[in-house]
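Colleague: One file is attached below, query-v8.cif, containing mmCIF, C-alpha atoms.
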```cif
data_run
loop_
_atom_site.group_PDB
_atom_site.id
_atom_site.type_symbol
_atom_site.label_atom_id
_atom_site.label_comp_id
_atom_site.auth_asym_id
_atom_site.auth_seq_id
_atom_site.Cartn_x
_atom_site.Cartn_y
_atom_site.Cartn_z
ATOM 1 C CA MET A 155 39.850 167.420 29.554
ATOM 2 C CA SER A 156 37.133 169.278 31.385
ATOM 3 C CA ALA A 157 34.850 171.855 29.790
ATOM 4 C CA PRO A 158 35.804 175.521 30.331
ATOM 5 C CA ALA A 159 34.105 177.270 33.191
ATOM 6 C CA PRO A 160 31.110 179.391 32.016
ATOM 7 C CA ALA A 161 32.713 182.573 33.302
ATOM 8 C CA LEU A 162 35.821 181.980 31.164
ATOM 9 C CA ALA A 163 33.954 181.003 27.970
ATOM 10 C CA LYS A 164 34.103 183.690 25.289
ATOM 11 C CA PRO A 165 30.606 185.108 24.571
ATOM 12 C CA GLN A 166 29.476 184.225 21.025
ATOM 13 C CA ARG A 167 28.740 187.288 18.884
ATOM 14 C CA PRO A 168 25.699 186.923 16.618
ATOM 15 C CA LYS A 169 26.229 186.873 12.850
ATOM 16 C CA VAL A 170 25.489 190.039 10.891
ATOM 17 C CA ILE A 171 21.953 190.152 9.514
ATOM 18 C CA VAL A 172 22.070 192.314 6.398
ATOM 19 C CA ARG A 173 19.169 194.725 5.975
ATOM 20 C CA LEU A 174 18.263 196.350 2.663
ATOM 21 C CA ALA A 175 17.582 199.630 4.441
ATOM 22 C CA ASP A 176 21.342 199.873 5.248
ATOM 23 C CA ALA A 177 22.310 199.717 1.586
ATOM 24 C CA ALA A 178 19.312 201.807 0.488
ATOM 25 C CA VAL A 179 20.574 205.021 2.103
ATOM 26 C CA ALA A 180 24.040 204.618 0.577
ATOM 27 C CA VAL A 181 22.654 203.918 -2.904
ATOM 28 C CA ALA A 182 20.186 206.805 -2.563
ATOM 29 C CA SER A 183 23.053 209.140 -1.611
ATOM 30 C CA LEU A 184 25.055 207.941 -4.627
ATOM 31 C CA SER A 185 22.018 208.562 -6.837
ATOM 32 C CA LEU A 186 21.569 212.009 -5.378
ATOM 33 C CA ILE A 187 25.216 212.914 -6.035
ATOM 34 C CA PHE A 188 25.036 211.502 -9.576
ATOM 35 C CA GLY A 189 21.794 213.417 -10.233
ATOM 36 C CA LEU A 190 23.146 216.703 -8.847
ATOM 37 C CA LEU A 191 26.333 216.377 -10.916
ATOM 38 C CA LEU A 192 24.189 215.770 -14.017
ATOM 39 C CA VAL A 193 22.019 218.800 -13.305
ATOM 40 C CA PHE A 194 24.765 221.246 -12.354
ATOM 41 C CA PHE A 195 27.455 219.998 -14.788
ATOM 42 C CA PRO A 196 25.348 218.759 -17.730
ATOM 43 C CA VAL A 197 28.266 218.810 -20.181
ATOM 44 C CA GLU A 198 31.419 218.315 -18.101
ATOM 45 C CA PHE A 199 30.300 215.387 -15.929
ATOM 46 C CA PRO A 200 29.003 213.189 -18.811
ATOM 47 C CA ARG A 201 32.185 214.019 -20.757
ATOM 48 C CA ILE A 202 34.360 212.691 -17.926
ATOM 49 C CA ILE A 203 32.414 209.402 -17.953
ATOM 50 C CA VAL A 204 32.269 209.017 -21.725
ATOM 51 C CA THR A 205 35.978 209.705 -22.295
ATOM 52 C CA ARG A 206 36.845 206.990 -19.770
ATOM 53 C CA GLN A 207 34.367 204.496 -21.192
ATOM 54 C CA ARG A 208 36.972 202.805 -23.409
ATOM 55 C CA GLY A 209 39.587 202.886 -20.690
ATOM 56 C CA TYR A 210 39.253 202.128 -17.035
ATOM 57 C CA LEU A 211 35.630 203.097 -16.271
ATOM 58 C CA ALA A 212 34.637 199.495 -15.461
ATOM 59 C CA VAL A 213 37.674 199.081 -13.176
ATOM 60 C CA VAL A 214 36.879 202.343 -11.348
ATOM 61 C CA LEU A 215 33.268 201.192 -10.898
ATOM 62 C CA MET A 216 34.400 197.794 -9.586
ATOM 63 C CA VAL A 217 36.786 199.317 -7.048
ATOM 64 C CA LEU A 218 34.272 201.965 -5.954
ATOM 65 C CA THR A 219 31.410 199.510 -5.452
ATOM 66 C CA LEU A 220 33.646 196.954 -3.730
ATOM 67 C CA VAL A 221 34.898 199.534 -1.237
ATOM 68 C CA LEU A 222 31.375 200.842 -0.629
ATOM 69 C CA ASP A 223 29.904 197.352 -0.147
ATOM 70 C CA ALA A 224 32.703 196.376 2.250
ATOM 71 C CA PHE A 225 32.262 199.609 4.204
ATOM 72 C CA LEU A 226 28.480 199.100 4.482
ATOM 73 C CA TYR A 227 28.898 195.516 5.649
ATOM 74 C CA LEU A 228 31.546 196.354 8.243
ATOM 75 C CA ARG A 229 29.479 199.313 9.445
ATOM 76 C CA ALA A 230 26.411 197.082 9.880
ATOM 77 C CA SER A 231 28.463 194.530 11.832
ATOM 78 C CA TYR A 232 29.940 197.272 14.041
ATOM 79 C CA LEU A 233 26.567 198.913 14.770
ATOM 80 C CA ARG A 234 24.957 195.577 15.680
ATOM 81 C CA SER A 235 28.045 194.251 17.502
ATOM 82 C CA ALA A 236 27.826 191.218 15.243
ATOM 83 C CA LYS A 237 30.438 188.966 13.674
ATOM 84 C CA PRO A 238 31.124 189.267 9.916
ATOM 85 C CA THR A 239 30.939 185.886 8.152
ATOM 86 C CA VAL A 240 33.332 184.582 5.515
ATOM 87 C CA LEU A 241 30.518 183.517 3.146
ATOM 88 C CA VAL A 242 28.943 186.978 3.110
ATOM 89 C CA ALA A 243 32.355 188.618 2.734
ATOM 90 C CA ALA A 244 33.066 186.334 -0.258
ATOM 91 C CA CYS A 245 29.683 187.231 -1.789
ATOM 92 C CA LEU A 246 30.334 190.933 -1.310
ATOM 93 C CA GLY A 247 33.814 190.532 -2.753
ATOM 94 C CA SER A 248 32.706 188.788 -5.928
ATOM 95 C CA LEU A 249 29.196 190.036 -6.751
ATOM 96 C CA PRO A 250 30.085 193.701 -7.499
ATOM 97 C CA ILE A 251 32.812 192.518 -9.916
ATOM 98 C CA ILE A 252 30.432 190.058 -11.602
ATOM 99 C CA VAL A 253 27.645 192.668 -11.844
ATOM 100 C CA VAL A 254 29.887 195.434 -13.263
ATOM 101 C CA GLY A 255 31.576 192.961 -15.635
ATOM 102 C CA GLY A 256 28.248 191.607 -16.891
ATOM 103 C CA LEU A 257 26.752 195.068 -17.338
ATOM 104 C CA SER A 258 29.824 196.220 -19.288
ATOM 105 C CA PHE A 259 28.996 193.595 -21.920
ATOM 106 C CA LEU A 260 25.385 194.794 -21.950
ATOM 107 C CA MET A 261 26.588 198.376 -22.467
ATOM 108 C CA GLU A 262 28.860 197.328 -25.347
ATOM 109 C CA SER A 263 25.910 195.524 -26.900
ATOM 110 C CA ALA A 264 23.677 198.620 -26.568
ATOM 111 C CA VAL A 265 26.385 200.824 -28.118
ATOM 112 C CA ALA A 266 26.927 198.349 -30.982
ATOM 113 C CA GLN A 267 23.203 198.243 -31.687
ATOM 114 C CA THR A 268 22.982 202.059 -31.673
ATOM 115 C CA ILE A 269 25.808 202.236 -34.205
ATOM 116 C CA SER A 270 24.213 199.578 -36.405
ATOM 117 C CA LEU A 271 20.910 201.482 -36.581
ATOM 118 C CA ASP A 272 22.665 204.488 -38.148
ATOM 119 C CA LEU A 273 20.418 207.029 -36.432
ATOM 120 C CA PRO A 274 20.870 210.815 -36.649
ATOM 121 C CA ASN A 275 22.991 212.460 -33.940
ATOM 122 C CA LEU A 276 24.705 209.120 -33.375
ATOM 123 C CA GLN A 277 27.579 210.158 -31.085
ATOM 124 C CA ALA A 278 25.276 212.026 -28.688
ATOM 125 C CA ARG A 279 22.956 208.997 -28.514
ATOM 126 C CA ILE A 280 25.901 206.710 -27.736
ATOM 127 C CA ASN A 281 27.062 209.095 -24.997
ATOM 128 C CA GLU A 282 23.608 209.060 -23.395
ATOM 129 C CA GLU A 283 23.504 205.247 -23.527
ATOM 130 C CA VAL A 284 26.931 205.076 -21.830
ATOM 131 C CA LEU A 285 25.821 207.573 -19.187
ATOM 132 C CA ALA A 286 22.645 205.588 -18.419
ATOM 133 C CA HIS A 287 24.539 202.293 -18.223
ATOM 134 C CA THR A 288 27.173 203.802 -15.929
ATOM 135 C CA TYR A 289 24.501 204.994 -13.520
ATOM 136 C CA LEU A 290 22.520 201.746 -13.615
ATOM 137 C CA GLY A 291 25.735 199.724 -13.210
ATOM 138 C CA LEU A 292 26.770 201.754 -10.182
ATOM 139 C CA VAL A 293 23.396 201.293 -8.472
ATOM 140 C CA SER A 294 23.175 197.594 -9.364
ATOM 141 C CA ALA A 295 26.675 196.786 -8.136
ATOM 142 C CA VAL A 296 26.031 198.292 -4.707
ATOM 143 C CA PHE A 297 22.424 197.214 -4.179
ATOM 144 C CA LEU A 298 22.179 193.762 -5.793
ATOM 145 C CA PRO A 299 24.844 192.037 -3.608
ATOM 146 C CA PHE A 300 22.935 193.150 -0.503
ATOM 147 C CA LEU A 301 19.671 191.935 -2.021
ATOM 148 C CA VAL A 302 21.167 188.511 -2.803
ATOM 149 C CA ILE A 303 22.670 188.187 0.687
ATOM 150 C CA ARG A 304 19.413 189.297 2.309
ATOM 151 C CA LEU A 305 17.398 186.727 0.341
ATOM 152 C CA LEU A 306 19.943 183.972 1.108
ATOM 153 C CA GLN A 307 19.867 184.796 4.805
ATOM 154 C CA GLN A 308 16.065 184.734 4.805
ATOM 155 C CA PHE A 309 16.064 181.403 2.939
ATOM 156 C CA LYS A 310 18.599 179.955 5.396
ATOM 157 C CA ALA A 311 16.555 181.148 8.385
ATOM 158 C CA THR A 312 13.358 179.495 7.142
ATOM 159 C CA SER A 313 14.910 176.192 5.952
ATOM 160 C CA MET B 27 17.761 221.436 -18.271
ATOM 161 C CA SER B 28 13.959 221.621 -18.128
ATOM 162 C CA LEU B 29 11.904 221.766 -14.960
ATOM 163 C CA LYS B 30 9.727 218.857 -16.103
ATOM 164 C CA TRP B 31 11.272 216.186 -13.891
ATOM 165 C CA PRO B 32 11.366 218.162 -10.581
ATOM 166 C CA LEU B 33 7.695 219.031 -11.148
ATOM 167 C CA TRP B 34 6.980 215.386 -11.885
ATOM 168 C CA ILE B 35 8.654 214.138 -8.682
ATOM 169 C CA GLY B 36 7.102 217.023 -6.720
ATOM 170 C CA LEU B 37 3.648 215.830 -7.759
ATOM 171 C CA TYR B 38 4.304 212.485 -6.102
ATOM 172 C CA VAL B 39 5.627 214.051 -2.918
ATOM 173 C CA VAL B 40 2.620 216.386 -2.700
ATOM 174 C CA LEU B 41 -0.103 213.906 -3.695
ATOM 175 C CA GLY B 42 1.449 210.841 -2.091
ATOM 176 C CA VAL B 43 2.733 212.270 1.197
ATOM 177 C CA LEU B 44 1.602 215.834 1.929
ATOM 178 C CA VAL B 45 -2.054 215.524 0.839
ATOM 179 C CA PRO B 46 -2.745 212.424 3.008
ATOM 180 C CA TRP B 47 -1.095 214.160 5.965
ATOM 181 C CA ALA B 48 -3.105 217.367 5.412
ATOM 182 C CA THR B 49 -6.284 215.292 5.037
ATOM 183 C CA ALA B 50 -5.615 213.595 8.393
ATOM 184 C CA LEU B 51 -5.118 216.995 10.063
ATOM 185 C CA SER B 52 -8.270 218.300 8.405
ATOM 186 C CA TRP B 53 -10.254 215.252 9.573
ATOM 187 C CA ALA B 54 -9.041 215.778 13.144
ATOM 188 C CA HIS B 55 -10.001 219.452 12.995
ATOM 189 C CA GLN B 56 -13.450 218.688 11.537
ATOM 190 C CA HIS B 57 -14.211 216.099 14.220
ATOM 191 C CA GLY B 58 -12.881 218.230 17.048
ATOM 192 C CA SER B 59 -10.188 215.657 17.807
ATOM 193 C CA GLU B 60 -6.976 216.405 19.664
ATOM 194 C CA MET B 61 -5.115 214.106 17.255
ATOM 195 C CA ARG B 62 -2.190 215.812 15.516
ATOM 196 C CA PRO B 63 -0.560 213.052 13.481
ATOM 197 C CA ARG B 64 2.951 213.560 12.202
ATOM 198 C CA VAL B 65 4.028 212.209 8.798
ATOM 199 C CA ARG B 66 5.957 209.484 10.598
ATOM 200 C CA GLN B 67 2.866 208.333 12.546
ATOM 201 C CA LEU B 68 0.704 208.370 9.434
ATOM 202 C CA PHE B 69 3.123 206.138 7.518
ATOM 203 C CA GLN B 70 4.326 203.977 10.410
ATOM 204 C CA ARG B 71 3.068 200.729 8.871
ATOM 205 C CA GLY B 72 5.323 201.084 5.815
ATOM 206 C CA GLU B 73 2.855 202.890 3.529
ATOM 207 C CA LEU B 74 5.728 205.014 2.142
ATOM 208 C CA GLY B 75 6.880 201.825 0.430
ATOM 209 C CA LEU B 76 3.580 201.746 -1.444
ATOM 210 C CA VAL B 77 4.056 205.368 -2.545
ATOM 211 C CA GLY B 78 7.515 204.294 -3.789
ATOM 212 C CA LEU B 79 5.981 201.423 -5.725
ATOM 213 C CA VAL B 80 3.573 203.799 -7.480
ATOM 214 C CA VAL B 81 6.491 206.097 -8.419
ATOM 215 C CA VAL B 82 8.392 203.117 -9.841
ATOM 216 C CA ILE B 83 5.426 202.057 -11.999
ATOM 217 C CA SER B 84 5.270 205.547 -13.477
ATOM 218 C CA VAL B 85 9.023 205.635 -14.256
ATOM 219 C CA ILE B 86 8.855 202.172 -15.840
ATOM 220 C CA TRP B 87 6.021 203.395 -18.069
ATOM 221 C CA ASN B 88 8.088 206.428 -19.144
ATOM 222 C CA LEU B 89 11.113 204.182 -19.832
ATOM 223 C CA LEU B 90 9.059 201.857 -22.021
ATOM 224 C CA GLN B 91 8.035 204.825 -24.157
ATOM 225 C CA SER B 92 11.600 206.161 -24.497
ATOM 226 C CA GLN B 93 13.991 205.685 -27.431
ATOM 227 C CA PHE B 94 16.799 204.152 -25.359
ATOM 228 C CA MET B 95 18.115 200.810 -26.650
ATOM 229 C CA GLN B 96 16.252 197.683 -25.512
ATOM 230 C CA GLN B 97 19.191 196.586 -23.316
ATOM 231 C CA THR B 98 19.198 199.881 -21.431
ATOM 232 C CA ILE B 99 15.418 199.868 -20.993
ATOM 233 C CA ALA B 100 15.436 196.235 -19.806
ATOM 234 C CA LEU B 101 18.179 196.858 -17.247
ATOM 235 C CA ALA B 102 16.520 199.991 -15.865
ATOM 236 C CA VAL B 103 13.071 198.382 -15.737
ATOM 237 C CA VAL B 104 14.298 195.257 -13.919
ATOM 238 C CA LEU B 105 16.316 197.287 -11.408
ATOM 239 C CA LEU B 106 13.463 199.706 -10.699
ATOM 240 C CA ALA B 107 10.952 196.866 -10.438
ATOM 241 C CA VAL B 108 13.140 195.002 -7.910
ATOM 242 C CA ILE B 109 13.677 198.098 -5.764
ATOM 243 C CA GLY B 110 9.985 199.074 -5.998
ATOM 244 C CA THR B 111 8.942 195.575 -4.981
ATOM 245 C CA MET B 112 11.296 195.672 -2.001
ATOM 246 C CA ALA B 113 9.833 199.041 -0.964
ATOM 247 C CA GLY B 114 6.273 197.696 -1.220
ATOM 248 C CA ASP B 115 7.347 194.564 0.631
ATOM 249 C CA VAL B 116 8.003 196.607 3.790
ATOM 250 C CA TRP B 117 4.249 197.324 4.005
ATOM 251 C CA ILE B 118 3.374 193.684 3.225
ATOM 252 C CA GLU B 119 5.721 192.377 5.929
ATOM 253 C CA SER B 120 4.358 194.880 8.434
ATOM 254 C CA TYR B 121 0.786 193.814 7.614
ATOM 255 C CA CYS B 122 1.640 190.094 7.903
ATOM 256 C CA ARG B 123 3.471 190.574 11.207
ATOM 257 C CA GLN B 124 0.617 192.564 12.717
ATOM 258 C CA SER B 125 -2.039 190.159 11.413
ATOM 259 C CA THR B 126 -0.304 187.085 12.810
ATOM 260 C CA GLY B 127 0.829 188.662 16.075
ATOM 261 C CA THR B 128 4.526 188.188 15.173
ATOM 262 C CA ALA B 129 6.999 190.624 16.762
ATOM 263 C CA TRP B 130 6.638 193.993 14.995
ATOM 264 C CA SER B 131 8.380 197.308 15.509
ATOM 265 C CA SER B 132 6.880 200.507 14.111
ATOM 266 C CA GLU B 133 10.295 202.170 14.518
ATOM 267 C CA ARG B 134 11.969 199.582 12.261
ATOM 268 C CA THR B 135 9.129 199.566 9.713
ATOM 269 C CA TRP B 136 9.194 203.363 9.459
ATOM 270 C CA ARG B 137 12.983 203.405 9.043
ATOM 271 C CA ASP B 138 12.971 200.686 6.370
ATOM 272 C CA SER B 139 10.123 202.234 4.369
ATOM 273 C CA ARG B 140 11.628 205.733 4.637
ATOM 274 C CA ASN B 141 15.063 204.545 3.452
ATOM 275 C CA LEU B 142 13.680 202.516 0.552
ATOM 276 C CA ALA B 143 11.274 205.313 -0.446
ATOM 277 C CA PHE B 144 14.261 207.720 -0.413
ATOM 278 C CA LEU B 145 16.113 205.335 -2.719
ATOM 279 C CA VAL B 146 13.116 205.040 -5.057
ATOM 280 C CA PHE B 147 12.662 208.826 -5.217
ATOM 281 C CA THR B 148 16.334 209.559 -5.939
ATOM 282 C CA MET B 149 16.562 206.772 -8.547
ATOM 283 C CA ALA B 150 13.333 207.906 -10.171
ATOM 284 C CA SER B 151 14.662 211.475 -10.325
ATOM 285 C CA VAL B 152 17.966 210.440 -11.948
ATOM 286 C CA VAL B 153 16.182 208.185 -14.481
ATOM 287 C CA GLU B 154 13.816 211.050 -15.330
ATOM 288 C CA VAL B 155 16.822 213.362 -15.843
ATOM 289 C CA LEU B 156 18.412 210.750 -18.135
ATOM 290 C CA LEU B 157 15.131 210.355 -20.059
ATOM 291 C CA ASP B 158 14.859 214.123 -20.415
ATOM 292 C CA ARG B 159 18.409 214.364 -21.769
ATOM 293 C CA PHE B 160 17.883 211.493 -24.198
ATOM 294 C CA ALA B 161 14.586 212.939 -25.484
ATOM 295 C CA LYS B 162 16.429 216.183 -26.331
ATOM 296 C CA VAL B 163 19.247 214.324 -28.112
ATOM 297 C CA ALA B 164 16.777 212.166 -30.062
ATOM 298 C CA ALA B 165 14.762 215.243 -31.116
ATOM 299 C CA LEU B 166 17.787 216.978 -32.700
#
```
Starting from the file, lay out its structure as structure tokens.

Modeller:
Amino acid sequence: MSAPAPALAKPQRPKVIVRLADAAVAVASLSLIFGLLLVFFPVEFPRIIVTRQRGYLAVVLMVLTLVLDAFLYLRASYLRSAKPTVLVAACLGSLPIIVVGGLSFLMESAVAQTISLDLPNLQARINEEVLAHTYLGLVSAVFLPFLVIRLLQQFKATS
Amino acid sequence: MSLKWPLWIGLYVVLGVLVPWATALSWAHQHGSEMRPRVRQLFQRGELGLVGLVVVISVIWNLLQSQFMQQTIALAVVLLAVIGTMAGDVWIESYCRQSTGTAWSSERTWRDSRNLAFLVFTMASVVEVLLDRFAKVAAL
């Protein structure tokens, strides 16, 4: 069988090179929204988070970060006319879940330690710990997958 | 909500960005130069990343002095340190590329440093708000 004529061969699209600057703007915007909600709704916004802490807060965070990561990756591939890769898609699909899951345990541990110390104004302290962990979890779950992929791509390019 | 944290972040914007820019304009005026550098030209080699790194160091110091639980402090410190290092790395990469004659784009360096500095500033602001809230709760 002869090789296809060059004119008929499908042009190969380059693979998406993830850049931290792409994720940085999205995470910064999330931070800005979180910060503004904290400043303008100092009681109501934390209450919404704290009341859902025992319920589905982790699930909401997982879904939100997964959707955002997928959107950022697809947007980067569209803007650079590049081909999304299965490995990166798998990383982006699993890392936000792993990060949010792992940080949920860390939050439970921080709350348990706060309770064990028997400090004054205990419930308010716990609420602030939950609020801080929610914010840090949100930022980590969006930014860290991109950081890991970026470092892996750099390592692959040099090796 | 106190005005402590906006003043704190404003100090960095003024001393880290506006003062260097004003100094460059003043230098040009003093030496009778036609140069009128814009903020973007002044920070085109990724120096905004260095400003971000300085902001991160300050927030980490404040976190270490807070009464948050160790787990919370550790998570925030590691995350801020990673993001601050990445912001500073934009300047390092720009320097290395220019020093070795590797392909370098001022447009790309400016965009990367601006985006990462924006991330550092917003994160630093939110962490300062959280620290402010916690200090009030702990003082009750």

Colleague: Might you spell out which residues the PyMOL selection byres ((chain B and resi 145) around 12) would select in the displayed file, as a PyMOL selection string?

Modeller: (chain A and resi 174-186+293+297) or (chain B and resi 74-75+78-79+81-82+105-106+108-110+112-113+138-144+146-152)

Colleague: Please identify all residues of chain A having at least one atom at most 10 Å from any atom of chain B, considering all atoms listed in the file, and return them as a short mmCIF file (atom, residue, chain, number, x, y, z; two decimals) with C-alpha atoms, keeping the file's coordinate frame.

Modeller:
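Once written, out_38.cif looks like this:
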```
data_model
loop_
_atom_site.label_atom_id
_atom_site.label_comp_id
_atom_site.auth_asym_id
_atom_site.auth_seq_id
_atom_site.Cartn_x
_atom_site.Cartn_y
_atom_site.Cartn_z
CA ARG A 173 19.17 194.72 5.98
CA LEU A 174 18.26 196.35 2.66
CA ALA A 175 17.58 199.63 4.44
CA ASP A 176 21.34 199.87 5.25
CA ALA A 177 22.31 199.72 1.59
CA ALA A 178 19.31 201.81 0.49
CA VAL A 179 20.57 205.02 2.10
CA ALA A 180 24.04 204.62 0.58
CA VAL A 181 22.65 203.92 -2.90
CA ALA A 182 20.19 206.80 -2.56
CA SER A 183 23.05 209.14 -1.61
CA LEU A 184 25.06 207.94 -4.63
CA SER A 185 22.02 208.56 -6.84
CA LEU A 186 21.57 212.01 -5.38
CA ILE A 187 25.22 212.91 -6.04
CA PHE A 188 25.04 211.50 -9.58
CA GLY A 189 21.79 213.42 -10.23
CA LEU A 190 23.15 216.70 -8.85
CA LEU A 192 24.19 215.77 -14.02
CA VAL A 193 22.02 218.80 -13.30
CA PHE A 194 24.76 221.25 -12.35
CA PRO A 196 25.35 218.76 -17.73
CA LEU A 257 26.75 195.07 -17.34
CA LEU A 260 25.38 194.79 -21.95
CA MET A 261 26.59 198.38 -22.47
CA GLU A 262 28.86 197.33 -25.35
CA SER A 263 25.91 195.52 -26.90
CA ALA A 264 23.68 198.62 -26.57
CA VAL A 265 26.38 200.82 -28.12
CA GLN A 267 23.20 198.24 -31.69
CA THR A 268 22.98 202.06 -31.67
CA LEU A 273 20.42 207.03 -36.43
CA PRO A 274 20.87 210.82 -36.65
CA ASN A 275 22.99 212.46 -33.94
CA LEU A 276 24.70 209.12 -33.38
CA GLN A 277 27.58 210.16 -31.08
CA ALA A 278 25.28 212.03 -28.69
CA ARG A 279 22.96 209.00 -28.51
CA ILE A 280 25.90 206.71 -27.74
CA ASN A 281 27.06 209.10 -25.00
CA GLU A 282 23.61 209.06 -23.40
CA GLU A 283 23.50 205.25 -23.53
CA VAL A 284 26.93 205.08 -21.83
CA LEU A 285 25.82 207.57 -19.19
CA ALA A 286 22.64 205.59 -18.42
CA HIS A 287 24.54 202.29 -18.22
CA TYR A 289 24.50 204.99 -13.52
CA LEU A 290 22.52 201.75 -13.62
CA GLY A 291 25.74 199.72 -13.21
CA VAL A 293 23.40 201.29 -8.47
CA SER A 294 23.18 197.59 -9.36
CA PHE A 297 22.42 197.21 -4.18
CA LEU A 298 22.18 193.76 -5.79
CA LEU A 301 19.67 191.94 -2.02
#
```

Colleague: Please determine, counting only C-alpha atoms, which residue among B:Ile86, B:Ala54, B:Val65, B:Val104 has the shortest atom-to-atom distance to B:Val39.

Modeller: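 Counting only C-alpha atoms, the residue closest to B:Val39 is B:Val65.
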
Colleague: Run the PyMOL selection byres ((chain A and resi 225-240) around 9) on the file and write out the hits as an NGL selection string.

Modeller: :A and (166-173 or 176-177 or 180 or 220-224 or 241-246 or 300)

Colleague: I need the chosen residues saved as a compact mmCIF listing (two decimals), in the coordinates of the input, with C-alpha atoms.

Modeller:
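Below you can see selection.txt, which holds the result:
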```txt
# COMPACT_ATOMS: atom_id res chain seq x y z
CA GLN A 166 29.48 184.22 21.02
CA ARG A 167 28.74 187.29 18.88
CA PRO A 168 25.70 186.92 16.62
CA LYS A 169 26.23 186.87 12.85
CA VAL A 170 25.49 190.04 10.89
CA ILE A 171 21.95 190.15 9.51
CA VAL A 172 22.07 192.31 6.40
CA ARG A 173 19.17 194.72 5.98
CA ASP A 176 21.34 199.87 5.25
CA ALA A 177 22.31 199.72 1.59
CA ALA A 180 24.04 204.62 0.58
CA LEU A 220 33.65 196.95 -3.73
CA VAL A 221 34.90 199.53 -1.24
CA LEU A 222 31.38 200.84 -0.63
CA ASP A 223 29.90 197.35 -0.15
CA ALA A 224 32.70 196.38 2.25
CA LEU A 241 30.52 183.52 3.15
CA VAL A 242 28.94 186.98 3.11
CA ALA A 243 32.35 188.62 2.73
CA ALA A 244 33.07 186.33 -0.26
CA CYS A 245 29.68 187.23 -1.79
CA LEU A 246 30.33 190.93 -1.31
CA PHE A 300 22.94 193.15 -0.50
```

Colleague: Considering only C-alpha atoms, state which residue in the set B:Ala48, B:Ile35, B:Ile83, B:Val43 is at the smallest distance from B:Thr111.

Modeller: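 Between B:Ala48, B:Ile35, B:Ile83, B:Val43, the residue approaching B:Thr111 most closely is B:Ile83.
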
Colleague: Would you mind reading off the distance between atom CA of B:Ser84 and atom CA of A:Pro200, one decimal, in Å?

Modeller: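 The value is 25.5 Å.
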
Colleague: Give as a ChimeraX atom specification the residues that the PyMOL selection byres ((chain B and resi 131-133) around 10) matches when applied to the coordinates above.

Modeller: /B:66-67,69-72,120,123-124,128-130,134-138

Colleague: Have a look at atom CA of B:Leu44 and atom CA of B:Val80 and let me know their distance in Å, one decimal.

Modeller: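 Result for atom CA of B:Leu44 versus atom CA of B:Val80: 15.4 Å, one decimal.
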
Colleague: What's the separation between atom CA of B:Trp47 and atom CA of B:Leu29, in Å to one decimal place?

Modeller: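 Between atom CA of B:Trp47 and atom CA of B:Leu29 the gap is 25.8 Å.
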